[in-house]
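What follows is a set of notes on a single structure, which appears directly below.
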Amino acid sequence: MWTEGRGLRIGAVIAVAAAAAFLVWLLVLRDDDSGSVNVKAGSGPVIASEEDLVALSDKLGQPVYWAGEQDDTRLELTETEDGRVYVRYLTGDAELGDPQPGYLTVGTYPFKNAYDALQAASKKPGATVEDADDGGLIVTNRSRPTSTYLAFPDEDLQVEVYDPDPQGALDLATSGAITPVS
């Protein structure tokens, strides 16, 4: 009788473990029916497509900005637990999650009154200020020339364009290439 109960317990443990493994696969690892990746806040970067960016934007109910398709790159997508979204353009044989900051990256950050805050930053010494075609504000600073920031009136988001080439970030931002994915 003791051995029958033990066999039942082992079977129950195996069934629970199998169910847990299935749930992990279903909720975290599996692609959805559209073929896009399941991005989970705080779970780290994933290789993504434009469709994945659109799906994340829809899920968040806010724009996700990017620099469009870039030749010879792969998109790395990261969503943090505090709602920041990073689209990084990996080149060459760069691996997912490469800790080196040597890649074009566009960050979209929830930021209350982002436009007003960027206007204040535009008055600091060393600031370069440009107007975006769609009413936005573009600011970079000599103290951090590899990052350029954008904000738009009535949008509680700040966009950061990072490029290891100091002129690259500003050039992309002022060219109109930084747009919400659609």
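Labels for the structure tokens follow display order: chains A, B, ..., residues from 1 in each chain, ligands from 1.
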> Can you list, as an MDAnalysis selection string, every protein, DNA or RNA residue that comes within 9 Å of Thr148 (chain A) when you count only C-alpha atoms, leaving out same-chain residues fewer than 5 positions away?
Replying inline: chainID A and resid 138:141 159:163 169:170 173
> Got a sec to tell me which of region 26-151 of chain A DSSP assigns to strand (DSSP E), as a PyMOL selection string?
Replying inline: chain A and resi 46-48+65-66+73-79+85-91+105-110+127-131+137-141+147-151
Would you save the residues from that selection as a CSV table (one decimal), in the first residue's frame, using N, CA and C atoms?
chain,number,residue,atom,x,y,z
A,46,VAL,N,15.4,40.2,-27.5
A,46,VAL,CA,15.0,39.1,-28.4
A,46,VAL,C,15.3,39.7,-29.8
A,47,ILE,N,15.6,38.8,-30.8
A,47,ILE,CA,15.7,39.2,-32.2
A,47,ILE,C,14.2,39.4,-32.6
A,48,ALA,N,14.0,40.5,-33.3
A,48,ALA,CA,12.6,40.9,-33.7
A,48,ALA,C,12.5,41.4,-35.1
A,65,TYR,N,9.3,53.9,-31.2
A,65,TYR,CA,10.1,54.5,-32.3
A,65,TYR,C,11.3,53.7,-32.7
A,66,TRP,N,11.6,53.9,-34.0
A,66,TRP,CA,12.8,53.2,-34.6
A,66,TRP,C,13.4,54.0,-35.7
A,73,THR,N,21.6,44.8,-40.9
A,73,THR,CA,21.4,44.7,-39.4
A,73,THR,C,20.3,43.8,-39.1
A,74,ARG,N,20.3,43.4,-37.8
A,74,ARG,CA,19.2,42.6,-37.2
A,74,ARG,C,18.7,43.4,-36.1
A,75,LEU,N,17.3,43.4,-35.9
A,75,LEU,CA,16.7,44.2,-34.8
A,75,LEU,C,16.8,43.4,-33.5
A,76,GLU,N,17.3,44.0,-32.5
A,76,GLU,CA,17.2,43.5,-31.1
A,76,GLU,C,16.2,44.3,-30.4
A,77,LEU,N,15.2,43.7,-29.8
A,77,LEU,CA,14.2,44.4,-29.1
A,77,LEU,C,14.2,44.0,-27.6
A,78,THR,N,14.2,45.1,-26.7
A,78,THR,CA,14.1,44.9,-25.3
A,78,THR,C,13.1,45.8,-24.7
A,79,GLU,N,12.2,45.2,-23.9
A,79,GLU,CA,11.2,45.9,-23.1
A,79,GLU,C,11.6,45.8,-21.6
A,85,VAL,N,11.4,50.9,-24.0
A,85,VAL,CA,11.6,50.0,-25.2
A,85,VAL,C,12.8,50.4,-25.9
A,86,TYR,N,13.7,49.4,-26.2
A,86,TYR,CA,15.0,49.7,-26.9
A,86,TYR,C,15.0,48.8,-28.2
A,87,VAL,N,15.2,49.5,-29.3
A,87,VAL,CA,15.4,48.8,-30.6
A,87,VAL,C,16.8,49.0,-31.0
A,88,ARG,N,17.6,48.0,-31.0
A,88,ARG,CA,19.0,48.1,-31.3
A,88,ARG,C,19.3,47.4,-32.6
A,89,TYR,N,20.2,48.0,-33.4
A,89,TYR,CA,20.5,47.5,-34.7
A,89,TYR,C,21.8,46.8,-34.7
A,90,LEU,N,21.8,45.4,-34.5
A,90,LEU,CA,23.0,44.6,-34.5
A,90,LEU,C,23.6,44.5,-35.8
A,91,THR,N,24.9,44.6,-35.9
A,91,THR,CA,25.6,44.5,-37.2
A,91,THR,C,26.5,43.3,-37.1
A,105,THR,N,20.9,52.5,-31.5
A,105,THR,CA,19.9,52.1,-30.6
A,105,THR,C,18.9,53.3,-30.5
A,106,VAL,N,17.6,52.9,-30.6
A,106,VAL,CA,16.5,53.9,-30.5
A,106,VAL,C,15.7,53.5,-29.2
A,107,GLY,N,15.6,54.3,-28.2
A,107,GLY,CA,14.9,54.0,-27.0
A,107,GLY,C,13.6,54.9,-27.0
A,108,THR,N,12.5,54.3,-26.6
A,108,THR,CA,11.3,55.0,-26.4
A,108,THR,C,10.9,54.9,-24.9
A,109,TYR,N,10.8,56.0,-24.2
A,109,TYR,CA,10.7,56.0,-22.7
A,109,TYR,C,9.4,56.7,-22.3
A,110,PRO,N,8.5,56.1,-21.5
A,110,PRO,CA,7.4,56.8,-20.9
A,110,PRO,C,8.0,58.0,-20.1
A,127,ALA,N,24.0,72.7,-25.5
A,127,ALA,CA,22.9,72.1,-26.2
A,127,ALA,C,22.8,72.5,-27.6
A,128,THR,N,22.5,71.6,-28.5
A,128,THR,CA,22.1,71.9,-29.9
A,128,THR,C,20.7,71.6,-30.0
A,129,VAL,N,19.9,72.5,-30.6
A,129,VAL,CA,18.5,72.4,-30.6
A,129,VAL,C,18.0,72.5,-32.1
A,130,GLU,N,17.1,71.6,-32.4
A,130,GLU,CA,16.5,71.5,-33.8
A,130,GLU,C,15.0,71.3,-33.6
A,131,ASP,N,14.3,71.8,-34.6
A,131,ASP,CA,12.8,71.5,-34.6
A,131,ASP,C,12.6,70.3,-35.6
A,137,LEU,N,10.7,68.4,-30.9
A,137,LEU,CA,11.9,69.0,-30.5
A,137,LEU,C,13.0,68.0,-30.4
A,138,ILE,N,14.2,68.4,-31.0
A,138,ILE,CA,15.4,67.5,-31.0
A,138,ILE,C,16.5,68.2,-30.3
A,139,VAL,N,17.1,67.5,-29.3
A,139,VAL,CA,18.1,68.2,-28.5
A,139,VAL,C,19.3,67.2,-28.3
A,140,THR,N,20.5,67.6,-28.5
A,140,THR,CA,21.7,66.9,-28.2
A,140,THR,C,22.6,67.9,-27.4
A,141,ASN,N,23.6,67.3,-26.7
A,141,ASN,CA,24.5,68.2,-26.0
A,141,ASN,C,25.9,67.7,-26.2
A,147,SER,N,24.2,60.7,-28.0
A,147,SER,CA,22.8,60.6,-27.8
A,147,SER,C,22.0,61.9,-28.1
A,148,THR,N,21.0,61.7,-28.9
A,148,THR,CA,20.1,62.8,-29.3
A,148,THR,C,18.7,62.4,-28.8
A,149,TYR,N,18.0,63.4,-28.3
A,149,TYR,CA,16.7,63.2,-27.7
A,149,TYR,C,15.6,63.9,-28.5
A,150,LEU,N,14.4,63.3,-28.6
A,150,LEU,CA,13.3,63.9,-29.2
A,150,LEU,C,12.1,63.8,-28.3
A,151,ALA,N,11.2,64.8,-28.4
A,151,ALA,CA,10.0,64.8,-27.7
A,151,ALA,C,9.0,65.5,-28.6
>> Taking only region 8-175 of chain A into account, list the residues labelled alpha helix (DSSP H) by DSSP (computed from the backbone), as a PyMOL selection string.
In response: chain A and resi 8-24+50-60+114-121+166-175
>> What does the structure give for the distance between CA of Phe152 (chain A) and CA of Ile178 (chain A), in Å to one decimal?
In response: 12.3 Å
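Going from CA of Pro164 (chain A) to CA of Gly126 (chain A) covers 18.8 Å.
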> Quick one: residues within 9 Å of Pro63 (chain A), only C-alpha atoms counted, chain neighbours fewer than 2 positions away excluded, as an MDAnalysis selection string?
Replying inline: chainID A and resid 54 56:58 60:61 65 108 157 179:182
